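This is model-v8.cif. It holds mmCIF, C-alpha atoms; chains and numbers go by the auth columns.
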data_input
#
loop_
_atom_site.group_PDB
_atom_site.id
_atom_site.type_symbol
_atom_site.label_atom_id
_atom_site.label_comp_id
_atom_site.label_asym_id
_atom_site.label_seq_id
_atom_site.Cartn_x
_atom_site.Cartn_y
_atom_site.Cartn_z
_atom_site.B_iso_or_equiv
_atom_site.auth_seq_id
_atom_site.auth_asym_id
ATOM 1 C CA MET A 1 19.542 8.111 -13.892 0.00 1 A
ATOM 2 C CA ARG A 2 20.950 4.950 -15.459 0.00 2 A
ATOM 3 C CA LYS A 3 21.494 4.400 -19.155 0.00 3 A
ATOM 4 C CA ASN A 4 20.738 0.877 -20.275 0.00 4 A
ATOM 5 C CA SER A 5 23.492 -0.993 -22.109 0.00 5 A
ATOM 6 C CA SER A 6 21.012 -1.689 -24.902 0.00 6 A
ATOM 7 C CA SER A 7 20.503 2.078 -25.304 0.00 7 A
ATOM 8 C CA GLU A 8 16.875 1.818 -24.168 0.00 8 A
ATOM 9 C CA PRO A 9 15.462 4.800 -22.236 0.00 9 A
ATOM 10 C CA ILE A 10 17.131 5.512 -18.897 0.00 10 A
ATOM 11 C CA VAL A 11 15.916 4.026 -15.629 0.00 11 A
ATOM 12 C CA PRO A 12 15.077 6.888 -13.206 0.00 12 A
ATOM 13 C CA ILE A 13 16.719 5.299 -10.166 0.00 13 A
ATOM 14 C CA ASP A 14 16.994 8.595 -8.274 0.00 14 A
ATOM 15 C CA LEU A 15 13.234 9.273 -8.240 0.00 15 A
ATOM 16 C CA PRO A 16 10.819 8.371 -5.398 0.00 16 A
ATOM 17 C CA ILE A 17 9.305 4.891 -5.560 0.00 17 A
ATOM 18 C CA ALA A 18 5.880 6.093 -6.765 0.00 18 A
ATOM 19 C CA ASP A 19 7.473 7.916 -9.694 0.00 19 A
ATOM 20 C CA ARG A 20 9.695 4.964 -10.547 0.00 20 A
ATOM 21 C CA ILE A 21 6.739 2.577 -10.591 0.00 21 A
ATOM 22 C CA ALA A 22 4.811 5.025 -12.786 0.00 22 A
ATOM 23 C CA ALA A 23 7.786 5.103 -15.160 0.00 23 A
ATOM 24 C CA ALA A 24 7.912 1.293 -15.149 0.00 24 A
ATOM 25 C CA VAL A 25 4.206 1.143 -16.013 0.00 25 A
ATOM 26 C CA LYS A 26 4.803 3.566 -18.868 0.00 26 A
ATOM 27 C CA ARG A 27 7.603 1.387 -20.226 0.00 27 A
ATOM 28 C CA TYR A 28 6.304 -2.142 -19.651 0.00 28 A
ATOM 29 C CA GLY A 29 2.562 -1.694 -19.116 0.00 29 A
ATOM 30 C CA GLU A 30 0.794 -2.244 -15.809 0.00 30 A
ATOM 31 C CA PRO A 31 0.113 -5.988 -16.235 0.00 31 A
ATOM 32 C CA ALA A 32 3.811 -6.632 -16.849 0.00 32 A
ATOM 33 C CA VAL A 33 4.817 -4.517 -13.834 0.00 33 A
ATOM 34 C CA ILE A 34 2.439 -6.505 -11.630 0.00 34 A
ATOM 35 C CA GLU A 35 3.714 -9.802 -13.016 0.00 35 A
ATOM 36 C CA ARG A 36 7.348 -8.833 -12.424 0.00 36 A
ATOM 37 C CA SER A 37 6.600 -7.552 -8.925 0.00 37 A
ATOM 38 C CA ILE A 38 4.999 -10.879 -8.068 0.00 38 A
ATOM 39 C CA ALA A 39 8.040 -12.669 -9.484 0.00 39 A
ATOM 40 C CA LEU A 40 10.378 -10.666 -7.236 0.00 40 A
ATOM 41 C CA LEU A 41 8.227 -11.310 -4.184 0.00 41 A
ATOM 42 C CA LYS A 42 8.406 -15.033 -4.931 0.00 42 A
ATOM 43 C CA GLY A 43 12.200 -14.865 -5.169 0.00 43 A
ATOM 44 C CA GLU A 44 12.404 -15.052 -8.949 0.00 44 A
ATOM 45 C CA ASN A 45 14.425 -13.021 -11.424 0.00 45 A
ATOM 46 C CA ALA A 46 12.493 -10.142 -12.982 0.00 46 A
ATOM 47 C CA GLY A 47 15.362 -8.563 -14.902 0.00 47 A
ATOM 48 C CA GLU A 48 18.072 -6.081 -13.964 0.00 48 A
ATOM 49 C CA ASP A 49 16.305 -2.979 -15.257 0.00 49 A
ATOM 50 C CA PHE A 50 13.101 -3.814 -13.405 0.00 50 A
ATOM 51 C CA LEU A 51 15.081 -4.329 -10.213 0.00 51 A
ATOM 52 C CA LEU A 52 16.343 -0.768 -10.648 0.00 52 A
ATOM 53 C CA PHE A 53 12.801 0.515 -11.104 0.00 53 A
ATOM 54 C CA VAL A 54 11.603 -1.033 -7.845 0.00 54 A
ATOM 55 C CA GLY A 55 14.819 -0.681 -5.829 0.00 55 A
ATOM 56 C CA GLY A 56 16.222 2.595 -7.116 0.00 56 A
ATOM 57 C CA ASP A 57 19.873 3.460 -6.715 0.00 57 A
ATOM 58 C CA HIS A 58 20.137 0.918 -3.868 0.00 58 A
ATOM 59 C CA ALA A 59 19.398 -1.850 -6.354 0.00 59 A
ATOM 60 C CA GLN A 60 22.436 -0.708 -8.294 0.00 60 A
ATOM 61 C CA GLY A 61 24.586 -1.846 -5.360 0.00 61 A
ATOM 62 C CA ILE A 62 23.179 -5.351 -5.733 0.00 62 A
ATOM 63 C CA LEU A 63 23.866 -5.329 -9.455 0.00 63 A
ATOM 64 C CA ASP A 64 27.410 -4.188 -8.653 0.00 64 A
ATOM 65 C CA GLY A 65 27.963 -7.199 -6.422 0.00 65 A
ATOM 66 C CA ALA A 66 26.436 -6.508 -2.988 0.00 66 A
ATOM 67 C CA PRO A 67 24.486 -9.418 -1.443 0.00 67 A
ATOM 68 C CA SER A 68 20.835 -9.236 -2.440 0.00 68 A
ATOM 69 C CA LEU A 69 19.560 -10.696 0.859 0.00 69 A
ATOM 70 C CA TYR A 70 15.803 -10.080 1.090 0.00 70 A
ATOM 71 C CA TRP A 71 15.744 -6.735 -0.762 0.00 71 A
ATOM 72 C CA PRO A 72 14.292 -7.832 -4.130 0.00 72 A
ATOM 73 C CA GLU A 73 11.464 -9.706 -2.390 0.00 73 A
ATOM 74 C CA LEU A 74 10.736 -6.654 -0.264 0.00 74 A
ATOM 75 C CA TRP A 75 10.807 -4.326 -3.263 0.00 75 A
ATOM 76 C CA GLY A 76 8.466 -6.625 -5.163 0.00 76 A
ATOM 77 C CA ALA A 77 5.969 -6.507 -2.296 0.00 77 A
ATOM 78 C CA ARG A 78 6.309 -2.742 -1.969 0.00 78 A
ATOM 79 C CA ALA A 79 5.665 -2.231 -5.681 0.00 79 A
ATOM 80 C CA LEU A 80 2.262 -3.848 -5.123 0.00 80 A
ATOM 81 C CA MET A 81 1.351 -0.864 -2.971 0.00 81 A
ATOM 82 C CA HIS A 82 1.292 1.110 -6.242 0.00 82 A
ATOM 83 C CA VAL A 83 -0.032 -1.382 -8.814 0.00 83 A
ATOM 84 C CA TRP A 84 -2.431 -4.198 -8.194 0.00 84 A
ATOM 85 C CA SER A 85 -4.256 -7.189 -9.569 0.00 85 A
ATOM 86 C CA GLU A 86 -5.984 -10.061 -7.815 0.00 86 A
ATOM 87 C CA SER A 87 -3.377 -12.280 -9.415 0.00 87 A
ATOM 88 C CA ALA A 88 -1.022 -11.055 -6.669 0.00 88 A
ATOM 89 C CA ASN A 89 -3.247 -12.299 -3.825 0.00 89 A
ATOM 90 C CA GLU A 90 -1.562 -15.656 -3.334 0.00 90 A
ATOM 91 C CA ALA A 91 1.991 -14.274 -3.428 0.00 91 A
ATOM 92 C CA VAL A 92 1.227 -11.488 -0.957 0.00 92 A
ATOM 93 C CA ILE A 93 -0.563 -13.740 1.516 0.00 93 A
ATOM 94 C CA GLY A 94 2.233 -16.275 1.170 0.00 94 A
ATOM 95 C CA GLY A 95 4.695 -13.478 1.950 0.00 95 A
ATOM 96 C CA LEU A 96 3.384 -13.420 5.517 0.00 96 A
ATOM 97 C CA ASP A 97 5.446 -16.582 6.024 0.00 97 A
ATOM 98 C CA ASN A 98 8.634 -15.154 4.506 0.00 98 A
ATOM 99 C CA GLN A 99 11.783 -15.721 6.558 0.00 99 A
ATOM 100 C CA SER A 100 12.558 -11.989 6.441 0.00 100 A
ATOM 101 C CA TRP A 101 10.597 -9.912 8.933 0.00 101 A
ATOM 102 C CA ARG A 102 10.733 -6.933 6.588 0.00 102 A
ATOM 103 C CA VAL A 103 8.927 -8.890 3.891 0.00 103 A
ATOM 104 C CA ARG A 104 6.341 -10.158 6.391 0.00 104 A
ATOM 105 C CA GLU A 105 5.736 -6.601 7.572 0.00 105 A
ATOM 106 C CA MET A 106 5.365 -5.216 4.042 0.00 106 A
ATOM 107 C CA CYS A 107 2.995 -7.998 3.008 0.00 107 A
ATOM 108 C CA ALA A 108 0.812 -7.250 6.049 0.00 108 A
ATOM 109 C CA LYS A 109 0.666 -3.637 4.891 0.00 109 A
ATOM 110 C CA VAL A 110 -0.235 -4.659 1.352 0.00 110 A
ATOM 111 C CA ILE A 111 -2.973 -6.913 2.749 0.00 111 A
ATOM 112 C CA LEU A 112 -4.364 -3.975 4.700 0.00 112 A
ATOM 113 C CA LEU A 113 -4.266 -1.651 1.687 0.00 113 A
ATOM 114 C CA ARG A 114 -5.761 -4.210 -0.696 0.00 114 A
ATOM 115 C CA LYS A 115 -8.211 -5.611 1.884 0.00 115 A
ATOM 116 C CA LEU A 116 -7.232 -9.228 1.362 0.00 116 A
ATOM 117 C CA HIS A 117 -8.761 -12.071 3.347 0.00 117 A
ATOM 118 C CA ALA A 118 -5.920 -13.413 5.497 0.00 118 A
ATOM 119 C CA LEU A 119 -7.266 -13.001 9.013 0.00 119 A
ATOM 120 C CA LYS A 120 -6.028 -16.336 10.339 0.00 120 A
ATOM 121 C CA ARG A 121 -2.468 -15.598 9.272 0.00 121 A
ATOM 122 C CA LEU A 122 -2.671 -12.038 10.584 0.00 122 A
ATOM 123 C CA THR A 123 -3.679 -13.293 14.031 0.00 123 A
ATOM 124 C CA ARG A 124 -0.620 -15.526 13.999 0.00 124 A
ATOM 125 C CA LEU A 125 1.578 -12.534 13.174 0.00 125 A
ATOM 126 C CA THR A 126 0.384 -10.711 16.294 0.00 126 A
ATOM 127 C CA THR A 127 2.833 -12.954 18.163 0.00 127 A
ATOM 128 C CA ASP A 128 5.639 -12.643 15.609 0.00 128 A
ATOM 129 C CA GLU A 129 9.151 -12.391 17.037 0.00 129 A
ATOM 130 C CA THR A 130 9.635 -8.914 15.493 0.00 130 A
ATOM 131 C CA PRO A 131 7.776 -5.931 17.000 0.00 131 A
ATOM 132 C CA ARG A 132 7.219 -4.174 13.679 0.00 132 A
ATOM 133 C CA VAL A 133 5.515 -7.251 12.272 0.00 133 A
ATOM 134 C CA ARG A 134 3.252 -7.487 15.330 0.00 134 A
ATOM 135 C CA ALA A 135 2.336 -3.805 14.922 0.00 135 A
ATOM 136 C CA ALA A 136 1.545 -4.235 11.225 0.00 136 A
ATOM 137 C CA ALA A 137 -0.619 -7.267 12.044 0.00 137 A
ATOM 138 C CA VAL A 138 -2.786 -5.485 14.621 0.00 138 A
ATOM 139 C CA HIS A 139 -3.232 -2.500 12.299 0.00 139 A
ATOM 140 C CA ALA A 140 -4.451 -4.840 9.566 0.00 140 A
ATOM 141 C CA LEU A 141 -6.793 -6.648 11.960 0.00 141 A
ATOM 142 C CA SER A 142 -8.285 -3.350 13.089 0.00 142 A
ATOM 143 C CA ALA A 143 -9.406 -2.597 9.537 0.00 143 A
ATOM 144 C CA LEU A 144 -10.245 -6.088 8.307 0.00 144 A
ATOM 145 C CA GLY A 145 -11.159 -8.093 11.398 0.00 145 A
ATOM 146 C CA THR A 146 -14.393 -8.800 13.244 0.00 146 A
ATOM 147 C CA VAL A 147 -15.315 -8.798 16.903 0.00 147 A
ATOM 148 C CA GLU A 148 -13.678 -12.201 17.327 0.00 148 A
ATOM 149 C CA HIS A 149 -10.312 -10.633 16.454 0.00 149 A
ATOM 150 C CA LEU A 150 -10.549 -7.963 19.147 0.00 150 A
ATOM 151 C CA SER A 151 -8.991 -10.256 21.747 0.00 151 A
ATOM 152 C CA TRP A 152 -5.879 -10.696 19.586 0.00 152 A
ATOM 153 C CA ILE A 153 -5.440 -6.937 19.481 0.00 153 A
ATOM 154 C CA VAL A 154 -6.156 -6.428 23.182 0.00 154 A
ATOM 155 C CA ALA A 155 -3.551 -9.059 24.071 0.00 155 A
ATOM 156 C CA ARG A 156 -0.889 -6.809 22.567 0.00 156 A
ATOM 157 C CA LEU A 157 -1.730 -3.996 25.011 0.00 157 A
ATOM 158 C CA ARG A 158 0.770 -5.760 27.295 0.00 158 A
ATOM 159 C CA ASP A 159 3.340 -6.333 24.601 0.00 159 A
ATOM 160 C CA PRO A 160 6.940 -5.834 25.795 0.00 160 A
ATOM 161 C CA ASP A 161 7.496 -3.307 22.986 0.00 161 A
ATOM 162 C CA LYS A 162 6.004 0.145 23.575 0.00 162 A
ATOM 163 C CA GLU A 163 5.412 0.789 19.855 0.00 163 A
ATOM 164 C CA VAL A 164 3.390 -2.406 19.610 0.00 164 A
ATOM 165 C CA ARG A 165 1.395 -1.371 22.688 0.00 165 A
ATOM 166 C CA ARG A 166 0.685 1.957 21.023 0.00 166 A
ATOM 167 C CA ALA A 167 -0.352 0.218 17.798 0.00 167 A
ATOM 168 C CA ALA A 168 -2.593 -2.136 19.782 0.00 168 A
ATOM 169 C CA GLN A 169 -4.370 0.733 21.511 0.00 169 A
ATOM 170 C CA GLN A 170 -4.926 2.541 18.215 0.00 170 A
ATOM 171 C CA SER A 171 -6.115 -0.677 16.597 0.00 171 A
ATOM 172 C CA ARG A 172 -8.445 -1.589 19.469 0.00 172 A
ATOM 173 C CA ASP A 173 -10.050 1.859 19.292 0.00 173 A
ATOM 174 C CA ALA A 174 -10.311 1.698 15.498 0.00 174 A
ATOM 175 C CA LEU A 175 -11.913 -1.752 15.496 0.00 175 A
ATOM 176 C CA THR A 176 -14.427 -0.953 18.228 0.00 176 A
ATOM 177 C CA ALA A 177 -15.375 2.278 16.441 0.00 177 A
ATOM 178 C CA ARG A 178 -15.723 0.535 13.082 0.00 178 A
ATOM 179 C CA LEU A 179 -17.926 -2.201 14.529 0.00 179 A
ATOM 180 C CA GLY A 180 -19.894 0.141 16.780 0.00 180 A
ATOM 181 C CA LEU A 181 -18.769 -1.647 19.943 0.00 181 A
ATOM 182 C CA PRO A 182 -18.598 0.016 23.366 0.00 182 A
ATOM 183 C CA SER A 183 -15.324 1.775 23.976 0.00 183 A
ATOM 184 C CA ALA A 184 -12.961 0.351 26.555 0.00 184 A
ATOM 185 C CA PRO A 185 -13.842 2.024 29.891 0.00 185 A
ATOM 186 C CA ASP A 186 -11.543 4.895 30.812 0.00 186 A
ATOM 187 C CA SER A 187 -9.108 3.748 28.141 0.00 187 A
ATOM 188 C CA HIS A 188 -7.584 7.193 27.711 0.00 188 A
ATOM 189 C CA THR A 189 -7.481 8.437 31.295 0.00 189 A
ATOM 190 C CA PRO A 190 -4.091 9.067 32.933 0.00 190 A
ATOM 191 C CA ALA A 191 -4.870 6.444 35.565 0.00 191 A
ATOM 192 C CA ALA A 192 -5.667 3.808 32.949 0.00 192 A
ATOM 193 C CA GLU A 193 -2.562 4.638 30.967 0.00 193 A
ATOM 194 C CA ALA A 194 -0.418 4.464 34.113 0.00 194 A
ATOM 195 C CA ALA A 195 -1.888 1.093 35.041 0.00 195 A
ATOM 196 C CA GLU A 196 -1.292 -0.214 31.542 0.00 196 A
ATOM 197 C CA ALA A 197 2.312 1.017 31.609 0.00 197 A
ATOM 198 C CA ALA A 198 2.896 -0.630 34.996 0.00 198 A
ATOM 199 C CA ALA A 199 1.475 -3.918 33.765 0.00 199 A
ATOM 200 C CA ALA A 200 3.776 -3.848 30.761 0.00 200 A
ATOM 201 C CA ALA A 201 6.904 -2.702 32.619 0.00 201 A
ATOM 202 C CA ALA A 202 8.049 -6.066 33.943 0.00 202 A
ATOM 203 C CA PRO A 203 7.876 -8.003 30.659 0.00 203 A
ATOM 204 C CA ALA A 204 9.303 -4.994 28.865 0.00 204 A
ATOM 205 C CA GLU A 205 12.418 -5.025 31.030 0.00 205 A
ATOM 206 C CA ALA A 206 12.845 -8.746 30.489 0.00 206 A
ATOM 207 C CA ALA A 207 12.503 -8.286 26.757 0.00 207 A
ATOM 208 C CA ASP A 208 14.955 -5.378 26.452 0.00 208 A
ATOM 209 C CA ALA A 209 17.984 -7.641 26.190 0.00 209 A
ATOM 210 C CA ALA A 210 16.258 -9.838 23.618 0.00 210 A
ATOM 211 C CA ASP A 211 15.187 -6.790 21.610 0.00 211 A
ATOM 212 C CA ALA A 212 18.743 -5.492 21.703 0.00 212 A
ATOM 213 C CA SER A 213 20.081 -8.750 20.287 0.00 213 A
ATOM 214 C CA VAL A 214 17.473 -8.649 17.521 0.00 214 A
ATOM 215 C CA ASN A 215 18.450 -5.068 16.726 0.00 215 A
ATOM 216 C CA ASP A 216 22.116 -6.048 16.634 0.00 216 A
ATOM 217 C CA ALA A 217 21.326 -8.854 14.211 0.00 217 A
ATOM 218 C CA ASP A 218 19.367 -6.428 12.028 0.00 218 A
ATOM 219 C CA ALA A 219 22.275 -4.032 12.014 0.00 219 A
ATOM 220 C CA ALA A 220 24.517 -6.735 10.601 0.00 220 A
ATOM 221 C CA ASP A 221 22.569 -6.909 7.364 0.00 221 A
ATOM 222 C CA ALA A 222 20.945 -3.459 7.235 0.00 222 A
ATOM 223 C CA PRO A 223 22.709 -0.960 9.516 0.00 223 A
ATOM 224 C CA VAL A 224 20.373 1.945 8.844 0.00 224 A
ATOM 225 C CA ALA A 225 17.195 1.633 10.890 0.00 225 A
ATOM 226 C CA VAL A 226 13.868 2.142 9.160 0.00 226 A
ATOM 227 C CA SER A 227 11.188 4.130 10.964 0.00 227 A
ATOM 228 C CA ASP A 228 7.925 2.288 11.388 0.00 228 A
ATOM 229 C CA ALA A 229 4.977 3.955 9.715 0.00 229 A
ATOM 230 C CA ALA A 230 1.746 4.050 11.704 0.00 230 A
ATOM 231 C CA SER A 231 -0.131 4.078 8.435 0.00 231 A
ATOM 232 C CA ALA A 232 -0.558 1.029 6.290 0.00 232 A
ATOM 233 C CA ALA A 233 1.224 2.203 3.176 0.00 233 A
ATOM 234 C CA PRO A 234 4.743 3.628 3.211 0.00 234 A
ATOM 235 C CA LEU A 235 4.993 4.992 -0.311 0.00 235 A
ATOM 236 C CA ASP A 236 8.525 6.348 -0.193 0.00 236 A
ATOM 237 C CA ASP A 237 12.035 4.925 -0.131 0.00 237 A
ATOM 238 C CA THR A 238 12.561 4.733 3.643 0.00 238 A
ATOM 239 C CA ASP A 239 12.875 0.949 3.643 0.00 239 A
ATOM 240 C CA ALA A 240 15.034 0.868 0.540 0.00 240 A
ATOM 241 C CA ALA A 241 17.386 3.397 2.101 0.00 241 A
ATOM 242 C CA ASP A 242 18.720 0.665 4.363 0.00 242 A
ATOM 243 C CA ALA A 243 20.214 -1.048 1.353 0.00 243 A
ATOM 244 C CA SER A 244 22.666 1.814 0.866 0.00 244 A
ATOM 245 C CA ALA A 245 24.508 0.540 3.919 0.00 245 A
ATOM 246 C CA VAL A 246 25.240 -2.814 2.303 0.00 246 A
ATOM 247 C CA ALA A 247 28.783 -2.637 0.986 0.00 247 A
ATOM 248 C CA PRO A 248 29.419 -4.198 -2.442 0.00 248 A
ATOM 249 C CA GLU A 249 31.269 -7.501 -2.425 0.00 249 A
ATOM 250 C CA THR A 250 33.358 -9.142 -5.075 0.00 250 A
ATOM 251 C CA THR A 251 31.103 -12.157 -5.315 0.00 251 A
ATOM 252 C CA GLU A 252 28.634 -12.161 -8.177 0.00 252 A
ATOM 253 C CA VAL A 253 24.908 -11.771 -7.538 0.00 253 A
ATOM 254 C CA PRO A 254 23.045 -14.946 -8.516 0.00 254 A
ATOM 255 C CA GLU A 255 20.791 -14.840 -11.555 0.00 255 A
ATOM 256 C CA ALA A 256 17.685 -15.092 -9.357 0.00 256 A
ATOM 257 C CA PRO A 257 17.798 -12.494 -6.530 0.00 257 A
ATOM 258 C CA ASP A 258 16.662 -13.094 -2.960 0.00 258 A
ATOM 259 C CA ALA A 259 14.880 -10.493 -1.028 0.00 259 A
ATOM 260 C CA ARG A 260 14.069 -6.971 0.910 0.00 260 A
#
As structure tokens, what does this structure read like?
Amino acid sequence: MRKNSSSEPIVPIDLPIADRIAAAVKRYGEPAVIERSIALLKGENAGEDFLLFVGGDHAQGILDGAPSLYWPELWGARALMHVWSESANEAVIGGLDNQSWRVREMCAKVILLRKLHALKRLTRLTTDETPRVRAAAVHALSALGTVEHLSWIVARLRDPDKEVRRAAQQSRDALTARLGLPSAPDSHTPAAEAAEAAAAAAPAEAADAADASVNDADAADAPVAVSDAASAAPLDDTDAADASAVAPETTEVPEAPDAR
């Protein structure tokens, strides 16, 4: 818990994200929480105490001098998994173009949860440079897309990343079931799975080195890896936990934070 300097009620930074957002709603009111979450997602300053509500004890590191990077933007997007208004539509859809892959991924998950119309941008994200973003995009297309989006999902069955291939298979099956389309023939037989694995093996080997370099770059700013949720809405602090690995620096945090 953190006591505010103005002797206002404490900020429950050690609670799970859902409980912290509920506490923020109780203090500020839901419209204000939504407005501040949107502000963070857009890279604006929403106040130190609110940053603690959405970022928890990891946000304290930023307030103590650690680089903010993309964390506030990410936390703003994640807060919109718990509170919502259509006024957030534009900011969330715009977040699909964020320079941070973590923000793009989270915005794709918010779009899936809130059923926003952003199919054209989601199809573009199926070829994103980051596997987790591609996986989030095909999951969203499976729930929101039409038959014309099936080809975008099927294309990822030969993705160099095995988790994306798994997400593509789940998404293909979900979309065909939702639309009442014929299932892919023998899609779950051992022979079909072996053939699919063989087809993906060559590009996967070629991409291993590239994936490793991406992972190394990720480790430089967030050393703790975050597990990818198959579901659309990670409602805990798994992403925020990465911020604990960012060591405080002596430089001051700018008035308007960046992003995760």
Judged by only C-alpha atoms, the minimum distance to Ala88 (chain A) among A:Leu112, A:Leu63, A:Leu51, A:Leu41 is found for A:Leu41
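Contact shell of Ile153 (chain A) at 9 Å (only C-alpha atoms; same-chain neighbours under 4 positions omitted): Thr123, Thr126, Ala137, Val138, His139, Leu141, Ser142, His149, Leu157, Ala167, Ala168, Gln169, Ser171 and Arg172 of chain A.
Atom pair CA of Arg124 (chain A) / CA of Arg36 (chain A) has a distance of 28.4 Å (rounded to one decimal).
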Hits of the PyMOL selection byres ((chain A and resi 53) around 12) in this structure, as a ChimeraX atom specification:
/A:1-2,10-28,33,36-37,46-52,54-60,72,75-76,78-79,237,240
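Taking CA of Ile111 (chain A) as the reference point, CA of Trp71 (chain A) is found at 19.0 Å.
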Atom-to-atom span, CA of Glu129 (chain A) and CA of Glu90 (chain A), Å
23.2 Å
Can you work out which one of A:Met81, A:Leu113, A:Ala174, A:Ala108 has the shortest atom-to-atom distance to Gly94 (chain A), counting all atoms listed in the file?
A:Ala108
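Residue nearest Ser85 (chain A) within the list A:Pro31, A:Pro131, A:Gly61, A:Gly145: A:Pro31 [criterion: smallest interatomic distance, all atoms listed in the file].
Residue nearest Leu179 (chain A) within the list A:Glu148, A:Gly43, A:Glu163, A:Arg158: A:Glu148 [criterion: smallest interatomic distance, all atoms listed in the file].
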